[in-house]
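*Asks:* So that you have it, the file is protein.pdb, and it contains PDB, C-alpha atoms and all ligand atoms:
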ATOM      1  CA  MET A1310      16.575   9.515 -30.704
ATOM      2  CA  GLN A1311      16.210   6.640 -33.117
ATOM      3  CA  GLU A1312      15.398   3.261 -31.578
ATOM      4  CA  TYR A1313      18.695   1.384 -31.403
ATOM      5  CA  HIS A1314      17.349  -1.876 -32.818
ATOM      6  CA  GLU A1315      16.980  -0.041 -36.129
ATOM      7  CA  PHE A1316      20.744   0.489 -36.465
ATOM      8  CA  LEU A1317      22.195  -2.320 -34.359
ATOM      9  CA  GLU A1318      24.281  -4.384 -36.767
ATOM     10  CA  GLU A1319      25.313  -6.950 -34.169
ATOM     11  CA  ILE A1320      25.994  -7.372 -30.488
ATOM     12  CA  LEU A1321      29.770  -7.529 -30.397
ATOM     13  CA  ILE A1322      30.116  -8.297 -26.682
ATOM     14  CA  PRO A1323      27.065  -9.527 -24.764
ATOM     15  CA  GLU A1324      26.476  -8.569 -21.148
ATOM     16  CA  ASP A1325      27.494 -11.906 -19.619
ATOM     17  CA  VAL A1326      30.775 -11.973 -21.552
ATOM     18  CA  LEU A1327      31.533  -8.387 -20.499
ATOM     19  CA  GLN A1328      30.835  -9.099 -16.850
ATOM     20  CA  LYS A1329      32.866 -12.306 -16.841
ATOM     21  CA  ARG A1330      35.888 -10.521 -18.282
ATOM     22  CA  ILE A1331      35.505  -7.599 -15.862
ATOM     23  CA  ALA A1332      35.488 -10.066 -12.963
ATOM     24  CA  GLU A1333      38.737 -11.549 -14.315
ATOM     25  CA  LEU A1334      40.310  -8.106 -14.601
ATOM     26  CA  GLY A1335      39.271  -7.282 -11.031
ATOM     27  CA  LYS A1336      40.811 -10.504  -9.797
ATOM     28  CA  GLN A1337      44.029  -9.829 -11.678
ATOM     29  CA  ILE A1338      44.269  -6.263 -10.351
ATOM     30  CA  SER A1339      43.576  -7.489  -6.812
ATOM     31  CA  ALA A1340      46.408 -10.008  -7.100
ATOM     32  CA  ASP A1341      48.829  -7.531  -8.664
ATOM     33  CA  TYR A1342      48.207  -4.908  -5.975
ATOM     34  CA  ALA A1343      47.813  -7.262  -3.009
ATOM     35  CA  GLN A1344      50.959  -5.847  -1.383
ATOM     36  CA  ASN A1345      49.976  -2.211  -1.866
ATOM     37  CA  ARG A1346      48.397  -0.123   0.860
ATOM     38  CA  ASP A1347      45.645   1.017  -1.479
ATOM     39  CA  ILE A1348      44.992   2.057  -5.070
ATOM     40  CA  LEU A1349      43.358   5.019  -6.739
ATOM     41  CA  LEU A1350      41.137   4.317  -9.736
ATOM     42  CA  ILE A1351      40.786   7.350 -11.989
ATOM     43  CA  CYS A1352      37.846   7.091 -14.341
ATOM     44  CA  ILE A1353      38.031   9.045 -17.576
ATOM     45  CA  LEU A1354      34.601  10.558 -18.131
ATOM     46  CA  ARG A1355      32.226   9.926 -19.504
ATOM     47  CA  GLY A1356      32.538   6.599 -21.277
ATOM     48  CA  GLY A1357      34.473   4.861 -18.511
ATOM     49  CA  VAL A1358      31.751   5.222 -15.866
ATOM     50  CA  LEU A1359      29.978   1.895 -16.304
ATOM     51  CA  PHE A1360      33.244   0.009 -16.526
ATOM     52  CA  LEU A1361      34.535   1.714 -13.366
ATOM     53  CA  THR A1362      31.476   0.877 -11.297
ATOM     54  CA  ASP A1363      31.492  -2.784 -12.316
ATOM     55  CA  LEU A1364      35.284  -3.156 -12.109
ATOM     56  CA  MET A1365      35.618  -1.589  -8.646
ATOM     57  CA  ARG A1366      33.158  -4.125  -7.237
ATOM     58  CA  GLN A1367      35.455  -6.904  -8.424
ATOM     59  CA  ILE A1368      38.590  -5.525  -6.731
ATOM     60  CA  SER A1369      39.368  -6.692  -3.217
ATOM     61  CA  VAL A1370      42.220  -4.319  -2.247
ATOM     62  CA  PRO A1371      41.333  -0.975  -0.594
ATOM     63  CA  LEU A1372      40.606   1.594  -3.264
ATOM     64  CA  ALA A1373      39.471   5.137  -3.807
ATOM     65  CA  ILE A1374      37.973   6.607  -6.964
ATOM     66  CA  GLU A1375      38.392   9.900  -8.753
ATOM     67  CA  PHE A1376      37.087  11.305 -12.013
ATOM     68  CA  MET A1377      38.722  13.195 -14.796
ATOM     69  CA  GLY A1378      36.954  14.855 -17.695
ATOM     70  CA  VAL A1379      38.708  14.723 -21.022
ATOM     71  CA  SER A1380      37.400  15.524 -24.447
ATOM     72  CA  SER A1381      39.166  14.462 -27.597
ATOM     73  CA  TYR A1382      36.473  14.417 -30.244
ATOM     74  CA  GLY A1383      34.746  17.784 -30.062
ATOM     75  CA  VAL A1384      30.984  18.172 -30.093
ATOM     76  CA  GLY A1385      29.208  15.595 -32.231
ATOM     77  CA  GLY A1386      32.424  14.423 -33.879
ATOM     78  CA  ARG A1387      33.413  10.807 -34.215
ATOM     79  CA  LEU A1388      37.078  10.977 -35.156
ATOM     80  CA  SER A1389      39.875  11.755 -32.760
ATOM     81  CA  THR A1390      41.569  15.007 -33.661
ATOM     82  CA  GLY A1391      44.597  14.530 -31.466
ATOM     83  CA  HIS A1392      43.477  17.615 -29.553
ATOM     84  CA  VAL A1393      42.797  16.759 -25.939
ATOM     85  CA  ARG A1394      40.992  19.118 -23.600
ATOM     86  CA  ILE A1395      40.807  18.672 -19.818
ATOM     87  CA  THR A1396      37.219  19.491 -18.836
ATOM     88  CA  LEU A1397      37.405  18.319 -15.212
ATOM     89  CA  ASP A1398      40.551  17.901 -13.149
ATOM     90  CA  LEU A1399      41.143  15.671 -10.124
ATOM     91  CA  ASN A1400      40.152  16.720  -6.614
ATOM     92  CA  VAL A1401      43.080  14.981  -4.950
ATOM     93  CA  ASP A1402      46.849  15.011  -4.998
ATOM     94  CA  ILE A1403      48.169  11.790  -6.553
ATOM     95  CA  LEU A1404      51.716  12.230  -5.244
ATOM     96  CA  GLY A1405      52.960   8.821  -4.084
ATOM     97  CA  ARG A1406      49.695   7.043  -4.949
ATOM     98  CA  ASP A1407      49.319   3.885  -7.014
ATOM     99  CA  VAL A1408      47.037   4.982  -9.834
ATOM    100  CA  ILE A1409      45.060   2.985 -12.388
ATOM    101  CA  LEU A1410      43.454   4.948 -15.219
ATOM    102  CA  VAL A1411      40.137   3.399 -16.198
ATOM    103  CA  GLU A1412      38.973   3.916 -19.790
ATOM    104  CA  ASP A1413      36.182   2.475 -21.878
ATOM    105  CA  ILE A1414      38.128   2.461 -25.139
ATOM    106  CA  ILE A1415      41.512   3.327 -26.567
ATOM    107  CA  ASP A1416      41.406   4.231 -30.224
ATOM    108  CA  SER A1417      44.111   6.531 -31.621
ATOM    109  CA  GLY A1418      45.624   6.655 -28.130
ATOM    110  CA  HIS A1419      45.830  10.460 -28.057
ATOM    111  CA  THR A1420      43.480  10.896 -25.097
ATOM    112  CA  ILE A1421      45.085   8.467 -22.708
ATOM    113  CA  ALA A1422      48.611   9.388 -23.824
ATOM    114  CA  ALA A1423      47.919  13.038 -22.978
ATOM    115  CA  VAL A1424      46.357  12.130 -19.620
ATOM    116  CA  LEU A1425      49.302   9.878 -18.740
ATOM    117  CA  GLU A1426      51.824  12.547 -19.643
ATOM    118  CA  MET A1427      50.002  15.116 -17.538
ATOM    119  CA  LEU A1428      49.514  12.892 -14.503
ATOM    120  CA  GLU A1429      53.083  11.589 -14.527
ATOM    121  CA  THR A1430      54.271  15.137 -13.774
ATOM    122  CA  ARG A1431      52.319  14.902 -10.491
ATOM    123  CA  LYS A1432      54.641  12.086  -9.354
ATOM    124  CA  PRO A1433      52.382   9.141  -8.490
ATOM    125  CA  ALA A1434      54.207   6.091  -7.054
ATOM    126  CA  SER A1435      52.932   4.192 -10.088
ATOM    127  CA  ILE A1436      50.444   4.746 -12.871
ATOM    128  CA  CYS A1437      49.020   2.324 -15.404
ATOM    129  CA  VAL A1438      46.144   2.009 -17.851
ATOM    130  CA  CYS A1439      43.171  -0.338 -17.718
ATOM    131  CA  THR A1440      40.880  -0.223 -20.731
ATOM    132  CA  LEU A1441      37.792  -2.264 -21.431
ATOM    133  CA  LEU A1442      38.193  -2.064 -25.207
ATOM    134  CA  ASP A1443      41.270  -1.665 -27.361
ATOM    135  CA  LYS A1444      41.165  -0.806 -31.067
ATOM    136  CA  ALA A1445      44.862  -1.510 -31.496
ATOM    137  CA  ASP A1446      44.732  -1.214 -35.320
ATOM    138  CA  ARG A1447      43.840   2.463 -34.987
ATOM    139  CA  ARG A1448      46.733   3.467 -32.717
ATOM    140  CA  GLU A1449      48.551   6.660 -33.724
ATOM    141  CA  VAL A1450      50.645   7.091 -30.577
ATOM    142  CA  PHE A1451      52.146   4.434 -28.332
ATOM    143  CA  VAL A1452      50.287   3.826 -25.083
ATOM    144  CA  PRO A1453      51.443   1.327 -22.464
ATOM    145  CA  VAL A1454      48.276  -0.605 -21.613
ATOM    146  CA  LYS A1455      48.578  -2.912 -18.608
ATOM    147  CA  TYR A1456      45.029  -4.310 -18.524
ATOM    148  CA  THR A1457      42.804  -4.858 -21.557
ATOM    149  CA  GLY A1458      39.315  -6.318 -21.492
ATOM    150  CA  PHE A1459      38.878  -6.991 -25.206
ATOM    151  CA  SER A1460      40.762  -6.195 -28.387
ATOM    152  CA  ILE A1461      38.160  -5.215 -30.949
ATOM    153  CA  PRO A1462      38.121  -4.554 -34.701
ATOM    154  CA  ASN A1463      37.745  -1.074 -36.184
ATOM    155  CA  LYS A1464      33.954  -0.852 -36.000
ATOM    156  CA  PHE A1465      31.721   1.909 -34.642
ATOM    157  CA  VAL A1466      30.709   0.516 -31.263
ATOM    158  CA  PHE A1467      28.217   1.797 -28.711
ATOM    159  CA  GLY A1468      26.659   0.801 -25.403
ATOM    160  CA  TYR A1469      28.102   0.073 -21.961
ATOM    161  CA  GLY A1470      29.420   3.617 -21.521
ATOM    162  CA  LEU A1471      30.087   4.317 -25.186
ATOM    163  CA  ASP A1472      27.663   6.705 -26.828
ATOM    164  CA  ILE A1473      26.187   7.324 -30.199
ATOM    165  CA  ASP A1474      25.606  11.075 -30.295
ATOM    166  CA  ASP A1475      25.420  11.047 -26.480
ATOM    167  CA  TYR A1476      22.753   8.325 -26.213
ATOM    168  CA  TYR A1477      22.669   4.622 -25.392
ATOM    169  CA  ARG A1478      25.560   4.646 -22.898
ATOM    170  CA  ASN A1479      23.193   2.747 -20.590
ATOM    171  CA  LEU A1480      22.960  -0.414 -22.673
ATOM    172  CA  PRO A1481      24.487  -3.389 -20.845
ATOM    173  CA  PHE A1482      26.274  -4.743 -23.959
ATOM    174  CA  ILE A1483      28.644  -3.475 -26.654
ATOM    175  CA  GLY A1484      26.908  -3.183 -30.006
ATOM    176  CA  VAL A1485      28.034  -2.291 -33.519
ATOM    177  CA  VAL A1486      26.362   0.586 -35.368
ATOM    178  CA  ASP A1487      25.235  -0.012 -38.940
ATOM    179  CA  LEU A1488      26.058   3.419 -40.330
ATOM    180  CA  ASN A1489      23.807   2.851 -43.345
ATOM    181  CA  LYS A1490      20.833   2.540 -41.026
ATOM    182  CA  TYR A1491      21.684   5.140 -38.383
ATOM    183  CA  LYS A1492      20.007   8.510 -38.920
ATOM    184  CA  PRO A1493      21.829  11.240 -36.982
TER     185      PRO A1493
HETATM  186  C1  LIG B1501      36.422   8.422 -26.069
HETATM  187  C2  LIG B1501      36.930   7.372 -25.100
HETATM  188  C3  LIG B1501      38.351   7.761 -24.899
HETATM  189  C4  LIG B1501      38.758   8.345 -26.222
HETATM  190  C5  LIG B1501      39.509   7.336 -27.026
HETATM  191  O1  LIG B1501      36.017   9.528 -25.332
HETATM  192  O2  LIG B1501      36.202   7.370 -23.901
HETATM  193  O3  LIG B1501      38.500   8.712 -23.860
HETATM  194  O4  LIG B1501      37.545   8.708 -26.901
HETATM  195  O5  LIG B1501      39.920   7.857 -28.254
HETATM  196  P1  LIG B1501      41.440   8.094 -28.651
HETATM  197  O6  LIG B1501      42.242   6.916 -28.186
HETATM  198  O7  LIG B1501      41.375   8.192 -30.162
HETATM  199  O8  LIG B1501      41.900   9.386 -28.037
HETATM  200  P2  LIG B1501      35.159  10.734 -25.923
HETATM  201  O9  LIG B1501      36.074  11.887 -26.207
HETATM  202  O10 LIG B1501      34.287  10.228 -27.027
HETATM  203  O11 LIG B1501      34.290  11.202 -24.679
HETATM  204  P3  LIG B1501      33.177  10.406 -23.836
HETATM  205  O12 LIG B1501      33.895   9.310 -23.078
HETATM  206  O13 LIG B1501      32.606  11.436 -22.958
HETATM  207  O14 LIG B1501      32.172   9.832 -24.826
END
Give the structure from this file in structure tokens form.
*Replies:*
Amino acid sequence: MQEYHEFLEEILIPEDVLQKRIAELGKQISADYAQNRDILLICILRGGVLFLTDLMRQISVPLAIEFMGVSSYGVGGRLSTGHVRITLDLNVDILGRDVILVEDIIDSGHTIAAVLEMLETRKPASICVCTLLDKADRREVFVPVKYTGFSIPNKFVFGYGLDIDDYYRNLPFIGVVDLNKYKP
């Protein structure tokens, strides 16, 4: 894999800014759900993993976590097709639970819209969406987003859960790819 400094155009969101905003989101969620018995955070794999693990440590109400595998881009692709495939389903019944879907990014909206539609049929007490990044300009379907970390421009971003051809999810910041310099 190419060294990322060779194609890093800019750091869009540095680590300290990310962590500060995630702490704010955790505080807000804790306040909003203070009266609830507990909440269930459902992380959409794989990009949402880093966000989930940092966010959950900033939430003070009792919570459980679950994972859901969803694929919307196909192997090696970079554009959403609108086709959403469930690759891993939940292990628990969400009937009557207060659910928060945790995503790294919402782009066209197809992925999270499909997940919401599917999970709503399982009759949770409530369900909402928390995304770290929102590319609102790219939306093709309406998605009700309750918590947003950052609204970002339509750039190819990577790091902090987001991959470039499956690599660099482990970077602690969100970077922008210079597509003229990236060699797939
Ligand atoms: C990304 C991201 C969202 C989805 C957003 O996942 O994590 O789930 O795409 O795009 P959309 O709003 O246009 O549907 P991806 O399919 O790349 O899988 P990954 O998280 O495993 O990288």
*Asks:* Counting only C-alpha atoms, figure out which residue out of A:Thr1396, A:Ser1339, A:Asn1345, A:Ser1417 gets nearest to Phe1451 of chain A.
*Replies:* A:Ser1417
*Asks:* Tell me, counting all atoms listed in the file, for each residue of chain A within 6 Å of ligand LIG 1501 (chain B), which pair of atoms is nearest and how far apart they are in Å to one decimal, in rows ordered by chain and increasing number, as CSV.
*Replies:*
residue,atom,partner,partner_atom,distance
A:Leu1354,CA,B:LIG1501,O12,5.2
A:Arg1355,CA,B:LIG1501,O13,3.8
A:Gly1356,CA,B:LIG1501,O12,3.5
A:Ser1380,CA,B:LIG1501,O9,4.3
A:Ser1381,CA,B:LIG1501,O9,4.3
A:Tyr1382,CA,B:LIG1501,O9,4.8
A:Ser1389,CA,B:LIG1501,O7,4.7
A:Asp1413,CA,B:LIG1501,O2,5.3
A:Ile1414,CA,B:LIG1501,C2,5.1
A:Ile1415,CA,B:LIG1501,O6,4.0
A:Asp1416,CA,B:LIG1501,O6,3.5
A:Ser1417,CA,B:LIG1501,O7,3.5
A:Gly1418,CA,B:LIG1501,O6,3.4
A:His1419,CA,B:LIG1501,O8,4.1
A:Thr1420,CA,B:LIG1501,O8,3.7
A:Leu1471,CA,B:LIG1501,O14,5.9
A:Asp1472,CA,B:LIG1501,O14,5.8
*Asks:* Could you check how far atom CA of Tyr1456 of chain A sits from atom CA of Glu1333 of chain A, in Å to one decimal?
*Replies:* 10.5 Å
*Asks:* Might you spell out which residues the PyMOL selection byres (((chain A and resi 1323) around 12) and not hetatm) would select in the displayed file, as JSON, numbers by chain?
*Replies:* {"A": [1319, 1320, 1321, 1322, 1324, 1325, 1326, 1327, 1328, 1329, 1330, 1468, 1469, 1480, 1481, 1482, 1483, 1484, 1485]}
*Asks:* Which value, in Å to one decimal, gives the distance between atom CA of Thr1440 of chain A and atom CA of Ile1338 of chain A?
*Replies:*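 Atom-to-atom, atom CA of Thr1440 of chain A to atom CA of Ile1338 of chain A, that is 12.5 Å.
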*Asks:* Exactly which residues make up the result of the PyMOL selection byres (((chain A and resi 1425) around 10) and not hetatm) on this file, given as an MDAnalysis selection string?
*Replies:* chainID A and resid 1410 1419:1424 1426:1430 1436:1438 1452:1453
*Asks:* Do a neighbour search on segment 1459-1465 of chain A at 6 Å with all atoms listed in the file, toss out local chain neighbours closer than 4 positions, and write the hits as a list in words.
*Replies:* Leu1442, Asp1443, Lys1444, Val1485 and Val1486 of chain A
*Asks:* Quick one: residues within 7 Å of segment 1362-1378 of chain A, all atoms listed in the file, excluding same-chain residues fewer than 3 positions away - as number ranges by chain?
*Replies:* A: 1331-1332, 1335-1336, 1338-1339, 1343, 1347-1354, 1358-1359, 1395-1399
*Asks:* Just want the 10 Å neighbourhood of Asp1402 of chain A, counted on only C-alpha atoms, with same-chain residues fewer than 2 positions away dropped. Output as a list in words.
*Replies:* Leu1399, Asn1400, Leu1404, Gly1405, Arg1406, Arg1431, Lys1432 and Pro1433 of chain A
*Asks:* Rounded to one decimal in Å, what is the spacing between atom CA of Phe1316 of chain A and atom CA of Glu1449 of chain A?
*Replies:*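 Atom CA of Phe1316 of chain A sits 28.6 Å away from atom CA of Glu1449 of chain A.
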*Asks:* Compare A:Val1454, A:Leu1488, A:Met1310, A:Ile1403 by their minimum atom-to-atom distance to Asp1474 of chain A, counting only C-alpha atoms, and give me the closest one.
*Replies:* A:Met1310
*Asks:* Which one of A:Ser1435, A:Asn1479, A:Gln1344, A:Gln1311 sits closest to Lys1492 of chain A if you count only C-alpha atoms?
*Replies:*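 Among the listed residues, A:Gln1311 lies closest to Lys1492 of chain A.
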